[in-house]
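Source file: data_26.cif. Holds: mmCIF, C-alpha atoms.
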```
data_query
loop_
_atom_site.label_atom_id
_atom_site.label_comp_id
_atom_site.auth_asym_id
_atom_site.auth_seq_id
_atom_site.Cartn_x
_atom_site.Cartn_y
_atom_site.Cartn_z
CA MET B 36 42.07 -27.06 -16.90
CA GLN B 37 39.62 -29.06 -14.81
CA ASN B 38 39.04 -26.16 -12.38
CA PHE B 39 38.58 -23.84 -15.33
CA ARG B 40 35.85 -26.14 -16.69
CA ILE B 41 34.08 -26.20 -13.31
CA ILE B 42 34.17 -22.40 -13.11
CA ILE B 43 32.76 -22.09 -16.64
CA VAL B 44 29.93 -24.50 -15.82
CA LEU B 45 29.16 -22.62 -12.60
CA ILE B 46 29.12 -19.28 -14.43
CA ILE B 47 26.70 -20.69 -17.02
CA LEU B 48 24.44 -22.09 -14.30
CA ILE B 49 24.42 -18.86 -12.30
CA SER B 50 23.70 -16.75 -15.38
CA LEU B 51 20.83 -19.11 -16.31
CA SER B 52 19.34 -18.67 -12.87
CA ILE B 53 19.48 -14.85 -12.93
CA PRO B 54 16.25 -14.34 -14.96
CA CYS B 55 14.35 -16.22 -12.23
CA TYR B 56 14.99 -13.30 -9.87
CA GLY B 57 14.99 -10.53 -12.46
CA GLY B 58 11.34 -9.51 -12.05
CA ASN B 59 9.72 -7.23 -9.57
CA ARG B 60 10.47 -8.65 -6.14
CA ASN B 61 7.00 -7.82 -4.87
CA SER B 62 5.23 -9.53 -7.76
CA PHE B 63 5.93 -12.94 -6.20
CA THR B 64 5.42 -11.86 -2.60
CA PRO B 65 2.05 -12.55 -1.02
CA TRP B 66 0.29 -9.63 0.61
CA ASP B 67 1.39 -8.49 3.98
CA PHE B 68 -1.88 -8.95 5.83
CA ASN B 69 -0.47 -7.48 9.02
CA ASN B 70 0.25 -4.11 7.51
CA PRO B 71 -2.40 -3.42 4.89
CA GLU B 72 -2.74 0.31 5.46
CA PRO B 73 -0.48 2.97 3.97
CA GLU B 74 1.51 5.10 6.37
CA GLU B 75 0.13 8.46 7.35
CA LYS B 76 1.48 11.42 5.42
CA VAL B 77 2.09 14.33 7.77
CA ARG B 78 3.01 17.92 7.21
CA VAL B 79 6.54 18.59 8.39
CA SER B 80 7.09 21.75 10.41
CA SER B 81 9.90 23.88 9.07
CA SER B 82 9.76 26.77 11.57
CA PHE B 83 12.88 27.79 13.50
CA PRO B 84 11.24 27.64 16.98
CA GLY B 85 9.91 24.19 16.06
CA TYR B 86 13.40 23.13 15.03
CA LEU B 87 14.85 24.43 18.34
CA LEU B 88 12.21 22.63 20.37
CA MET B 89 12.84 19.40 18.49
CA GLN B 90 16.57 19.72 19.12
CA GLY B 91 15.81 20.16 22.81
CA VAL B 92 13.74 16.97 22.84
CA LYS B 93 16.49 15.15 20.92
CA ILE B 94 19.10 16.25 23.47
CA PHE B 95 16.79 14.94 26.19
CA THR B 96 16.38 11.56 24.46
CA LYS B 97 20.11 11.27 23.74
CA TYR B 98 21.63 12.33 27.07
CA ILE B 99 19.01 12.44 29.82
CA SER B 100 16.62 9.62 28.96
CA PRO B 101 19.28 6.84 28.97
CA VAL B 102 20.29 7.88 32.50
CA ASP B 103 16.72 8.35 33.64
CA GLY B 104 15.65 4.97 32.27
CA ASP B 105 12.72 3.76 30.16
CA ARG B 106 9.87 4.84 32.44
CA CYS B 107 7.25 6.11 30.01
CA PRO B 108 4.26 3.71 30.01
CA MET B 109 2.82 5.18 26.83
CA TYR B 110 3.38 4.47 23.15
CA PRO B 111 4.68 6.52 21.44
CA THR B 112 6.80 7.67 24.36
CA CYS B 113 6.30 11.28 25.43
CA ALA B 114 9.57 12.37 23.73
CA SER B 115 8.67 10.57 20.53
CA TYR B 116 5.13 11.95 20.71
CA SER B 117 6.57 15.43 21.14
CA LEU B 118 8.78 15.11 18.04
CA GLN B 119 5.87 13.76 16.01
CA VAL B 120 3.43 16.42 17.13
CA ILE B 121 5.86 19.31 16.48
CA LYS B 122 6.48 17.88 13.01
CA LYS B 123 2.76 17.54 12.42
CA HIS B 124 1.37 20.73 13.93
CA GLY B 125 4.30 23.11 14.33
CA PHE B 126 5.81 24.86 17.33
CA PHE B 127 2.87 26.37 19.26
CA THR B 128 0.39 23.52 18.95
CA GLY B 129 3.19 20.99 19.33
CA PHE B 130 4.39 22.61 22.55
CA MET B 131 0.85 22.79 23.92
CA MET B 132 -0.02 19.20 22.95
CA THR B 133 3.24 17.90 24.44
CA ALA B 134 2.38 19.55 27.77
CA GLY B 135 -1.15 18.17 27.41
CA ARG B 136 0.24 14.66 26.89
CA LEU B 137 2.37 14.91 30.04
CA ILE B 138 -0.67 16.06 32.01
CA HIS B 139 -3.21 13.56 30.72
CA GLU B 140 -1.19 10.32 30.67
CA ASN B 141 -2.37 9.28 34.17
CA ASN B 142 -6.06 8.82 33.45
CA GLU B 143 -5.36 7.88 29.83
CA MET B 144 -4.10 4.53 31.10
CA ASP B 145 -7.69 3.70 32.12
CA TYR B 146 -8.92 3.95 28.54
CA ALA B 147 -6.00 3.48 26.12
CA PRO B 148 -5.59 0.05 24.50
CA LEU B 149 -2.50 -1.97 25.36
CA ILE B 150 -0.02 -2.81 22.65
CA LYS B 151 3.15 -4.86 22.84
CA VAL B 152 6.32 -2.90 22.15
CA GLY B 153 9.39 -5.12 22.30
CA ASP B 154 8.90 -7.27 25.39
CA ARG B 155 6.71 -4.73 27.22
CA PHE B 156 3.06 -3.76 27.07
CA LYS B 157 2.40 -0.06 26.66
CA PHE B 158 -0.66 2.17 26.49
CA TYR B 159 -1.35 3.31 22.95
CA ASP B 160 -1.95 7.04 22.76
CA PRO B 161 -1.10 8.36 19.28
CA ILE B 162 -1.49 11.96 18.11
CA SER B 163 -4.79 11.15 16.43
CA ASN B 164 -6.20 10.25 19.84
CA ASN B 165 -5.70 13.87 20.87
CA ASP B 166 -6.32 15.91 17.73
CA PHE B 167 -9.22 13.93 16.24
CA TRP B 168 -11.70 16.65 17.21
CA TRP B 169 -10.12 19.40 15.13
CA TYR B 170 -7.66 17.87 12.66
CA ASP B 171 -8.77 16.47 9.29
CA SER B 172 -10.02 12.96 10.07
CA ASP B 173 -8.79 11.66 6.68
CA ASN B 174 -5.24 12.05 7.97
CA LEU B 175 -5.76 10.08 11.17
CA ASP B 176 -3.01 7.66 12.01
CA ASN B 177 -4.30 4.18 12.68
CA MET H 220 38.21 -40.75 -11.51
CA GLN H 221 37.91 -37.09 -10.55
CA LYS H 222 37.54 -36.15 -14.19
CA LEU H 223 34.68 -38.62 -14.53
CA LEU H 224 32.98 -37.14 -11.44
CA VAL H 225 33.18 -33.61 -12.89
CA ASN H 226 31.78 -34.78 -16.21
CA VAL H 227 28.91 -36.62 -14.52
CA THR H 228 28.09 -33.51 -12.42
CA VAL H 229 28.11 -31.26 -15.50
CA LEU H 230 25.94 -33.68 -17.46
CA GLY H 231 23.60 -33.97 -14.49
CA PHE H 232 23.11 -30.17 -14.38
CA ILE H 233 22.51 -29.98 -18.11
CA PHE H 234 19.99 -32.82 -17.85
CA LEU H 235 18.16 -30.98 -15.10
CA LEU H 236 18.13 -27.77 -17.14
CA ILE H 237 16.51 -29.60 -20.03
CA ILE H 238 13.98 -31.50 -17.92
CA CYS H 239 12.74 -28.70 -15.59
CA PRO H 240 11.13 -26.39 -18.21
CA GLN H 241 9.26 -29.34 -19.75
CA GLU H 242 7.88 -30.24 -16.32
CA GLY H 243 6.76 -26.63 -15.95
CA ARG H 244 4.92 -26.63 -19.27
CA GLY H 245 3.11 -29.81 -18.32
CA GLY H 246 0.80 -27.74 -16.05
CA GLU H 247 -0.64 -25.88 -19.02
CA LYS H 248 -2.24 -29.02 -20.37
CA ASP H 249 -4.91 -28.94 -17.63
CA ASP H 250 -8.45 -28.90 -18.90
CA THR H 251 -10.84 -26.13 -17.93
CA GLY H 252 -12.45 -28.12 -15.11
CA ASN H 253 -9.18 -28.84 -13.37
CA GLN H 254 -7.92 -25.32 -13.84
CA PHE H 255 -11.09 -23.77 -12.45
CA GLY H 256 -11.29 -26.38 -9.70
CA TYR H 257 -7.77 -25.58 -8.59
CA ALA H 258 -8.60 -21.87 -8.42
CA GLU H 259 -11.74 -22.66 -6.43
CA SER H 260 -9.84 -24.87 -4.01
CA LEU H 261 -7.37 -22.05 -3.35
CA PHE H 262 -10.30 -19.70 -2.81
CA LYS H 263 -11.89 -22.13 -0.36
CA GLU H 264 -8.60 -22.49 1.51
CA GLY H 265 -8.53 -18.74 1.92
CA ASP H 266 -5.39 -18.37 -0.19
CA PHE H 267 -6.88 -15.45 -2.07
CA TYR H 268 -3.59 -14.15 -3.38
CA ARG H 269 -2.90 -17.31 -5.37
CA ALA H 270 -6.58 -17.86 -6.19
CA ILE H 271 -6.63 -14.54 -8.05
CA THR H 272 -3.62 -15.63 -10.10
CA GLU H 273 -5.36 -18.90 -11.01
CA TYR H 274 -8.61 -17.17 -11.95
CA LYS H 275 -6.61 -14.81 -14.14
CA ARG H 276 -4.78 -17.75 -15.67
CA PHE H 277 -8.12 -19.36 -16.49
CA ILE H 278 -9.37 -16.18 -18.13
CA PHE H 279 -6.16 -15.90 -20.13
CA PHE H 280 -6.15 -19.48 -21.42
CA PHE H 281 -9.90 -19.98 -21.83
CA PRO H 282 -11.39 -16.54 -22.61
CA GLU H 283 -14.43 -18.01 -24.37
CA GLU H 284 -15.37 -20.35 -21.52
CA LYS H 285 -18.62 -19.75 -19.65
CA LYS H 286 -16.84 -19.93 -16.32
CA THR H 287 -14.86 -16.74 -17.04
CA GLU H 288 -17.89 -14.82 -15.72
CA LYS H 289 -17.52 -16.55 -12.37
CA CYS H 290 -13.73 -16.03 -12.50
CA TYR H 291 -14.14 -12.27 -12.91
CA PHE H 292 -16.56 -12.20 -9.99
CA ARG H 293 -14.31 -14.38 -7.84
CA ILE H 294 -11.33 -12.06 -8.46
CA GLY H 295 -13.35 -9.20 -6.99
CA GLU H 296 -14.61 -11.40 -4.16
CA SER H 297 -11.07 -12.60 -3.39
CA TYR H 298 -9.81 -9.04 -3.13
CA PHE H 299 -12.78 -8.23 -0.91
CA LYS H 300 -12.15 -11.18 1.40
CA ALA H 301 -8.47 -10.25 1.58
CA ARG H 302 -9.59 -6.76 2.67
CA LYS H 303 -8.01 -5.13 -0.37
CA TRP H 304 -10.88 -2.73 -0.73
CA THR H 305 -9.60 -0.53 -3.58
CA GLU H 306 -8.58 -3.52 -5.71
CA ALA H 307 -11.91 -5.20 -4.92
CA ILE H 308 -13.86 -2.17 -6.16
CA ASP H 309 -11.81 -2.05 -9.39
CA ALA H 310 -12.20 -5.79 -10.01
CA LEU H 311 -15.95 -5.71 -9.32
CA ASN H 312 -16.33 -2.74 -11.68
CA VAL H 313 -14.54 -4.74 -14.38
CA PHE H 314 -16.89 -7.68 -13.73
CA MET H 315 -20.01 -5.50 -13.96
CA ALA H 316 -18.77 -3.80 -17.13
CA LYS H 317 -18.06 -7.15 -18.82
CA PHE H 318 -21.22 -8.90 -17.63
CA PRO H 319 -23.88 -6.23 -17.14
CA TYR H 320 -26.74 -8.77 -17.13
CA SER H 321 -25.06 -11.34 -14.89
CA SER H 322 -27.05 -13.07 -12.17
CA MET H 323 -24.19 -12.13 -9.81
CA THR H 324 -24.56 -8.38 -10.35
CA ASP H 325 -26.41 -7.87 -7.06
CA ASP H 326 -23.68 -9.78 -5.18
CA ALA H 327 -21.03 -7.68 -6.93
CA LEU H 328 -22.83 -4.43 -6.11
CA TYR H 329 -23.25 -5.49 -2.50
CA LEU H 330 -19.56 -6.34 -2.10
CA LYS H 331 -18.61 -3.09 -3.84
CA GLY H 332 -20.81 -1.11 -1.47
CA MET H 333 -19.30 -2.88 1.54
CA ALA H 334 -15.77 -2.18 0.27
CA GLU H 335 -16.63 1.51 -0.22
CA LYS H 336 -18.09 1.59 3.29
CA ASP H 337 -14.87 0.16 4.71
CA LEU H 338 -12.86 2.73 2.75
CA LYS H 339 -15.10 5.40 4.33
CA LYS H 340 -16.26 6.48 0.87
CA TYR H 341 -19.70 6.90 2.31
CA ASP H 342 -21.33 8.75 -0.58
CA ASP H 343 -20.13 6.11 -3.06
CA ALA H 344 -21.35 3.32 -0.76
CA LEU H 345 -24.78 4.96 -0.46
CA SER H 346 -25.11 5.31 -4.23
CA THR H 347 -24.03 1.67 -4.76
CA PHE H 348 -26.57 0.37 -2.23
CA GLU H 349 -29.17 2.68 -3.82
CA LYS H 350 -28.63 0.86 -7.14
CA ILE H 351 -29.47 -2.45 -5.44
CA ILE H 352 -32.51 -0.91 -3.77
CA LYS H 353 -33.79 0.37 -7.13
CA THR H 354 -33.10 -2.72 -9.22
CA SER H 355 -33.60 -5.61 -6.79
CA SER H 356 -36.46 -6.95 -4.79
CA GLY H 357 -36.90 -9.15 -1.76
CA GLU H 358 -34.20 -9.78 0.79
CA TYR H 359 -31.38 -8.37 -1.34
CA ARG H 360 -33.14 -5.03 -1.40
CA ASN H 361 -33.69 -5.19 2.36
CA LYS H 362 -30.09 -5.88 3.18
CA ALA H 363 -29.03 -3.01 0.90
CA ILE H 364 -31.37 -0.73 2.88
CA TYR H 365 -29.90 -2.08 6.12
CA GLN H 366 -26.34 -1.41 4.98
CA SER H 367 -27.30 2.09 3.75
CA ALA H 368 -28.61 2.79 7.23
CA LEU H 369 -25.35 1.53 8.77
CA VAL H 370 -23.41 3.84 6.43
CA LEU H 371 -25.54 6.74 7.68
CA VAL H 372 -24.74 5.67 11.26
CA ASP H 373 -21.03 5.85 10.40
CA MET H 374 -21.66 9.30 8.92
CA GLU H 375 -23.35 10.23 12.22
CA LYS H 376 -26.58 11.16 10.43
CA TRP H 377 -28.73 9.67 13.14
CA LYS H 378 -32.14 10.84 11.96
CA ARG H 379 -31.66 9.70 8.38
CA ALA H 380 -30.22 6.40 9.61
CA SER H 381 -33.22 5.83 11.86
CA GLU H 382 -35.61 6.63 8.98
CA THR H 383 -33.74 4.26 6.67
CA PHE H 384 -33.87 1.42 9.21
CA SER H 385 -37.62 1.91 9.49
CA LYS H 386 -37.98 1.35 5.71
CA ILE H 387 -37.22 -2.36 6.14
CA PRO H 388 -40.55 -4.22 5.87
CA GLU H 389 -41.76 -6.14 8.90
CA GLU H 390 -41.74 -9.50 7.09
CA SER H 391 -37.97 -9.23 6.53
CA VAL H 392 -35.61 -11.24 8.76
CA LEU H 393 -33.68 -7.99 9.20
CA SER H 394 -36.68 -6.23 10.66
CA PRO H 395 -36.04 -7.01 14.38
CA ALA H 396 -32.45 -5.78 14.15
CA ALA H 397 -33.54 -2.68 12.24
CA ARG H 398 -36.13 -1.91 14.93
CA VAL H 399 -33.48 -2.21 17.66
CA PHE H 400 -31.21 0.18 15.76
CA SER H 401 -33.99 2.57 14.90
CA SER H 402 -35.25 2.87 18.48
CA GLY H 403 -31.69 3.00 19.81
CA LEU H 404 -30.73 5.87 17.53
CA GLU H 405 -33.70 7.87 18.77
CA ASN H 406 -32.02 7.92 22.19
CA ILE H 407 -28.57 8.91 20.98
CA ASP H 408 -29.20 12.59 21.71
CA ASN H 409 -29.95 11.68 25.33
CA LEU H 410 -26.47 10.27 25.98
CA PRO H 411 -24.45 12.02 28.71
CA ARG H 412 -22.16 14.70 27.31
CA LYS H 413 -19.38 16.93 28.55
CA SER H 414 -19.10 20.40 27.08
CA PRO H 415 -15.59 21.07 25.73
CA VAL H 416 -16.14 24.82 26.17
CA THR H 417 -17.01 24.36 29.84
CA ALA H 418 -14.01 22.07 30.37
CA GLY H 419 -11.65 24.58 28.74
CA THR H 420 -13.08 27.55 30.64
CA LEU H 421 -12.89 25.76 33.99
CA SER H 422 -9.26 24.79 33.36
CA ALA H 423 -8.42 28.35 32.35
CA ILE H 424 -9.79 29.62 35.69
CA VAL H 425 -8.39 26.87 37.94
CA PRO H 426 -5.87 24.52 36.28
CA GLY H 427 -7.18 20.95 36.53
CA ALA H 428 -10.84 21.92 37.09
CA GLY H 429 -11.72 21.02 33.50
CA HIS H 430 -10.23 17.57 33.93
CA LEU H 431 -12.25 17.08 37.08
CA TYR H 432 -15.37 18.05 35.11
CA ALA H 433 -14.39 15.51 32.39
CA GLU H 434 -14.08 12.82 35.07
CA ARG H 435 -10.30 12.58 35.04
CA PRO H 436 -9.34 13.26 38.69
CA ARG H 437 -5.69 12.13 38.53
CA ASP H 438 -5.04 14.34 35.51
CA ALA H 439 -6.73 17.18 37.38
CA LEU H 440 -4.33 16.76 40.31
CA VAL H 441 -1.28 16.67 38.02
CA ALA H 442 -2.44 19.79 36.14
CA PHE H 443 -3.14 21.66 39.37
CA LEU H 444 0.16 20.77 41.05
CA LEU H 445 2.32 21.44 37.97
CA ASN H 446 0.74 24.80 37.24
CA GLY H 447 0.69 25.77 40.91
CA ALA H 448 4.37 24.91 41.34
CA PHE H 449 5.50 26.77 38.22
CA ILE H 450 3.39 29.87 38.95
CA TRP H 451 4.70 29.96 42.50
CA ALA H 452 8.31 29.55 41.29
CA ALA H 453 7.88 32.31 38.68
CA VAL H 454 6.39 34.72 41.24
CA GLU H 455 9.20 34.02 43.72
CA LEU H 456 11.89 34.50 41.06
CA PHE H 457 10.44 37.80 39.86
CA ASP H 458 10.11 38.94 43.48
CA ASP H 459 13.81 38.20 43.96
CA GLU H 460 14.54 40.18 40.75
CA LYS H 461 15.87 37.06 39.00
CA TYR H 462 14.25 38.03 35.73
CA VAL H 463 16.05 35.61 33.40
CA ALA H 464 15.27 32.56 35.53
CA GLY H 465 11.74 33.92 36.04
CA GLY H 466 11.34 34.30 32.27
CA VAL H 467 12.48 30.71 31.64
CA VAL H 468 10.08 29.36 34.26
CA THR H 469 7.26 31.53 32.86
CA PHE H 470 7.94 30.16 29.37
CA PHE H 471 7.52 26.59 30.63
CA GLU H 472 4.53 27.59 32.73
CA LEU H 473 2.85 28.95 29.60
CA GLY H 474 3.30 25.47 28.12
CA TRP H 475 1.74 23.82 31.18
CA TYR H 476 -1.10 26.32 31.30
CA THR H 477 -2.06 26.07 27.61
CA GLY H 478 -1.47 22.30 27.71
CA ASN H 479 -3.81 22.08 30.69
CA ILE H 480 -6.57 23.91 28.78
CA TYR H 481 -5.99 21.89 25.61
CA SER H 482 -5.98 18.63 27.54
CA ALA H 483 -9.22 19.55 29.34
CA VAL H 484 -10.99 20.36 26.07
CA SER H 485 -9.59 17.18 24.52
CA SER H 486 -10.74 15.15 27.54
CA ALA H 487 -14.31 16.38 27.08
CA HIS H 488 -14.23 15.41 23.40
CA LYS H 489 -12.77 12.01 24.29
CA TYR H 490 -15.51 11.48 26.88
CA ASN H 491 -18.23 12.26 24.32
CA LYS H 492 -16.62 10.04 21.71
CA ARG H 493 -16.19 7.17 24.15
CA VAL H 494 -19.81 7.32 25.29
CA LYS H 495 -21.07 7.47 21.70
CA ASP H 496 -18.77 4.65 20.49
CA GLU H 497 -19.79 2.41 23.38
CA PHE H 498 -23.45 3.08 22.68
CA LEU H 499 -23.09 2.27 18.98
CA GLN H 500 -20.91 -0.75 19.70
CA ASN H 501 -23.57 -2.03 22.05
CA LEU H 502 -26.22 -1.57 19.34
CA ARG H 503 -24.04 -3.30 16.75
CA SER H 504 -23.27 -6.23 19.01
CA ARG H 505 -26.95 -6.63 19.83
CA CYS H 506 -27.77 -7.06 16.16
CA SER H 507 -24.80 -7.94 14.02
CA LEU H 508 -24.98 -8.72 10.35
CA SER H 509 -22.25 -10.77 8.74
CA TYR H 510 -21.49 -12.17 5.34
CA TYR H 511 -20.80 -15.87 4.87
CA HIS H 512 -19.78 -17.93 1.87
CA ASP H 513 -20.76 -21.62 1.90
CA ASN H 514 -17.93 -23.37 0.11
CA LYS H 515 -19.78 -26.66 -0.34
CA ARG H 516 -22.86 -25.15 -1.95
CA SER H 517 -20.96 -22.19 -3.39
CA SER H 518 -23.59 -19.80 -2.05
CA ASN H 519 -23.42 -16.50 -0.21
CA TYR H 520 -25.37 -16.00 3.00
CA LEU H 521 -26.16 -13.10 5.22
CA ILE H 522 -26.17 -13.98 8.92
CA LEU H 523 -28.15 -11.94 11.39
CA SER H 524 -27.39 -12.50 15.06
CA MET H 525 -29.26 -10.79 17.86
CA ARG H 526 -28.52 -10.63 21.57
CA PHE H 527 -31.45 -10.44 24.01
#
```
Mind turning the file's structure into structure tokens?
Amino acid sequence: MQNFRIIIVLIILISLSIPCYGGNRNSFTPWDFNNPEPEEKVRVSSSFPGYLLMQGVKIFTKYISPVDGDRCPMYPTCASYSLQVIKKHGFFTGFMMTAGRLIHENNEMDYAPLIKVGDRFKFYDPISNNDFWWYDSDNLDN
Amino acid sequence: MQKLLVNVTVLGFIFLLIICPQEGRGGEKDDTGNQFGYAESLFKEGDFYRAITEYKRFIFFFPEEKKTEKCYFRIGESYFKARKWTEAIDALNVFMAKFPYSSMTDDALYLKGMAEKDLKKYDDALSTFEKIIKTSSGEYRNKAIYQSALVLVDMEKWKRASETFSKIPEESVLSPAARVFSSGLENIDNLPRKSPVTAGTLSAIVPGAGHLYAERPRDALVAFLLNGAFIWAAVELFDDEKYVAGGVVTFFELGWYTGNIYSAVSSAHKYNKRVKDEFLQNLRSRCSLSYYHDNKRSSNYLILSMRF
């Protein structure tokens, strides 16, 4: 009987406290000053060659890269950059820009800003750093 | 004994449930001065998120109070200081619609223009600053002209920007900075440039040559070696009648070759952008204009700093 009374009291207390958390979670959350900008919306490539190329890159990242080790000094890594650029610009431009990234990463380290990724510093070279001169500047990633 | 303990605990909870809401309602009894003062103290602390809530609370509880005008302005200013540009523009528009003849209208227009500038809504920013230029006089007008010129710099309309800077009268404190900008922008066309067409053409003829032209020697070496190795491998494979392997290598070589041209063109664009950005950054750092709010006097200031 006593335990039953305790349970009843607890149920009443818990149900009284529910409305406190019933509102929109974000309405009581201060702004996130570190991430004020919305994420970039990119066109997603749906072509078959693009899909094949992306699968190739994914196979590389899944099976070869872990053996080869984390050697890429850039952020995003060349494989990740490749996936992003194929998604954004399709097969032909994606293929060309991926090769361009592999070629230009040496001197890019003289100019690219450093950012901390995990416990390592990497050179920041996003897609917008390489397509700013022809792609709509409103869609630049930050 | 245990029964007594349970009863005391239950009664204790019920007591707390009764007491807590009454404590909460006690806050509503604040007079207007305290309520506004609390909002102002949050604003001064830089806790803009909560300051906005308190200004809104003041407006809700005391809609007829004179200070509501300041509250509406402060909401916009808080959003602006928190770098919430879109919300700042909306809040400042609400303020200007509610108090069209307010003495803070120029401040509101200025903040709105700055927010539009940061959102890269350049045409809107120009039209907002134009309103200040038309309706105000003195230093407020001059700083609106100065900001219009900076918007034109961001739009890369160098000639118009230079002309706008020169509109600032010589007696203005902004005049020396405007002169530095104006004369600097006249030289912007003389900055060193690399032609993307030349870079691309050179890399198409000899892989890596475009990179060398764009002052990226290590990239040039990588492009040359990669393309050279793949072309050599493809030629050897076709010579040995290994057409499938030759085709695969040629496919990858096409990637290297086009990537080499793309990268060379991109390098030339990056070079031009870097030179231009450094030039403008140098101009901006030589004469920077910043906005400052004096919490003690509750006044807004414009600070001009110049490097010699």
Would you mind listing, as a JSON list (two decimals) with C-alpha atoms, in the frame of the given file, all residues of chain B that have at least one atom within 6 Å of chain H, where only C-alpha atoms are what counts?
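Wrote result.json, looks like this:
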```json
[["chain", "number", "residue", "atom", "x", "y", "z"],
["B", 131, "MET", "CA", 0.85, 22.79, 23.92],
["B", 132, "MET", "CA", -0.02, 19.20, 22.95],
["B", 134, "ALA", "CA", 2.38, 19.55, 27.77],
["B", 135, "GLY", "CA", -1.15, 18.17, 27.41],
["B", 138, "ILE", "CA", -0.67, 16.06, 32.01],
["B", 139, "HIS", "CA", -3.21, 13.56, 30.72],
["B", 141, "ASN", "CA", -2.37, 9.28, 34.17],
["B", 142, "ASN", "CA", -6.06, 8.82, 33.45]]
```
Contacts of segment 148-155 of chain B at 10 Å (only C-alpha atoms; same-chain gap of 2+ positions) as a ChimeraX atom specification = /B:108-111,143-146,157-160
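Distance annotation: of H:Ala258, H:Val313, H:Ala396, H:Ile308, the residue with the minimal separation from Asp343 of chain H is H:Ile308; atom set is all atoms listed in the file.
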Residues near Gly265 of chain H, cut-off 10 Å, all atoms listed in the file, skip fewer than 6 positions along chain, as an mmCIF file with C-alpha atoms, keeping the file's coordinate frame:
```cif
data_model
loop_
_atom_site.group_PDB
_atom_site.id
_atom_site.type_symbol
_atom_site.label_atom_id
_atom_site.label_comp_id
_atom_site.auth_asym_id
_atom_site.auth_seq_id
_atom_site.Cartn_x
_atom_site.Cartn_y
_atom_site.Cartn_z
ATOM 1 C CA GLU H 259 -11.740 -22.660 -6.430
ATOM 2 C CA SER H 297 -11.070 -12.600 -3.390
ATOM 3 C CA LYS H 300 -12.150 -11.180 1.400
ATOM 4 C CA ALA H 301 -8.470 -10.250 1.580
#
```
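Using only C-alpha atoms, every residue with an atom at most 8 Å from the point (-32.2, -3.1, -0.6) is listed here: Phe348, Glu349, Ile351, Ile352, Lys353, Ser355, Ser356, Gly357, Glu358, Tyr359, Arg360, Asn361, Lys362, Ala363, Ile364 and Tyr365 of chain H.
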key: Length of the atom CA of Ala310 of chain H to atom CA of Met333 of chain H vector [Å]   = 13.9 Å
task = For Leu88 of chain B, list every protein, DNA or RNA residue within 9 Å, evaluated using all atoms listed in the file, and leave out those in the same chain fewer than 4 positions away; present the list as a list in words.
result = Phe83, Pro84, Val92, Lys93, Leu118, Ile121, Phe126 and Phe130 of chain B
Produce a file of the selected residues containing C-alpha atoms, as a short mmCIF file (atom, residue, chain, number, x, y, z; two decimals), in the coordinates of the input.
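Result file is part-v5.cif:
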```
data_model
loop_
_atom_site.label_atom_id
_atom_site.label_comp_id
_atom_site.auth_asym_id
_atom_site.auth_seq_id
_atom_site.Cartn_x
_atom_site.Cartn_y
_atom_site.Cartn_z
CA PHE B 83 12.88 27.79 13.50
CA PRO B 84 11.24 27.64 16.98
CA VAL B 92 13.74 16.97 22.84
CA LYS B 93 16.49 15.15 20.92
CA LEU B 118 8.78 15.11 18.04
CA ILE B 121 5.86 19.31 16.48
CA PHE B 126 5.81 24.86 17.33
CA PHE B 130 4.39 22.61 22.55
#
```
Evaluate the PyMOL selection byres ((chain H and resi 401) around 10) on the structure here and hand back the selected residues as a PDB file with C-alpha atoms, in the frame of the given file.
```pdb
ATOM      1  CA  ALA H 368     -28.610   2.790   7.230  1.00  0.00           C
ATOM      2  CA  TRP H 377     -28.730   9.670  13.140  1.00  0.00           C
ATOM      3  CA  LYS H 378     -32.140  10.840  11.960  1.00  0.00           C
ATOM      4  CA  ARG H 379     -31.660   9.700   8.380  1.00  0.00           C
ATOM      5  CA  ALA H 380     -30.220   6.400   9.610  1.00  0.00           C
ATOM      6  CA  SER H 381     -33.220   5.830  11.860  1.00  0.00           C
ATOM      7  CA  GLU H 382     -35.610   6.630   8.980  1.00  0.00           C
ATOM      8  CA  THR H 383     -33.740   4.260   6.670  1.00  0.00           C
ATOM      9  CA  PHE H 384     -33.870   1.420   9.210  1.00  0.00           C
ATOM     10  CA  SER H 385     -37.620   1.910   9.490  1.00  0.00           C
ATOM     11  CA  PRO H 395     -36.040  -7.010  14.380  1.00  0.00           C
ATOM     12  CA  ALA H 396     -32.450  -5.780  14.150  1.00  0.00           C
ATOM     13  CA  ALA H 397     -33.540  -2.680  12.240  1.00  0.00           C
ATOM     14  CA  ARG H 398     -36.130  -1.910  14.930  1.00  0.00           C
ATOM     15  CA  VAL H 399     -33.480  -2.210  17.660  1.00  0.00           C
ATOM     16  CA  PHE H 400     -31.210   0.180  15.760  1.00  0.00           C
ATOM     17  CA  SER H 402     -35.250   2.870  18.480  1.00  0.00           C
ATOM     18  CA  GLY H 403     -31.690   3.000  19.810  1.00  0.00           C
ATOM     19  CA  LEU H 404     -30.730   5.870  17.530  1.00  0.00           C
ATOM     20  CA  GLU H 405     -33.700   7.870  18.770  1.00  0.00           C
ATOM     21  CA  ASN H 406     -32.020   7.920  22.190  1.00  0.00           C
ATOM     22  CA  LEU H 502     -26.220  -1.570  19.340  1.00  0.00           C
TER      23      LEU H 502
END
```
task = Have a look at atom CA of Pro282 of chain H and atom CA of Asp326 of chain H and let me know their distance in Å, one decimal.
result = 22.4 Å
query = Near Leu456 of chain H, within 9 Å and counting all atoms listed in the file, which residues show up once chain neighbours fewer than 5 positions away are dropped, as a PyMOL selection string?
reply = chain H and resi 451+461-466+468
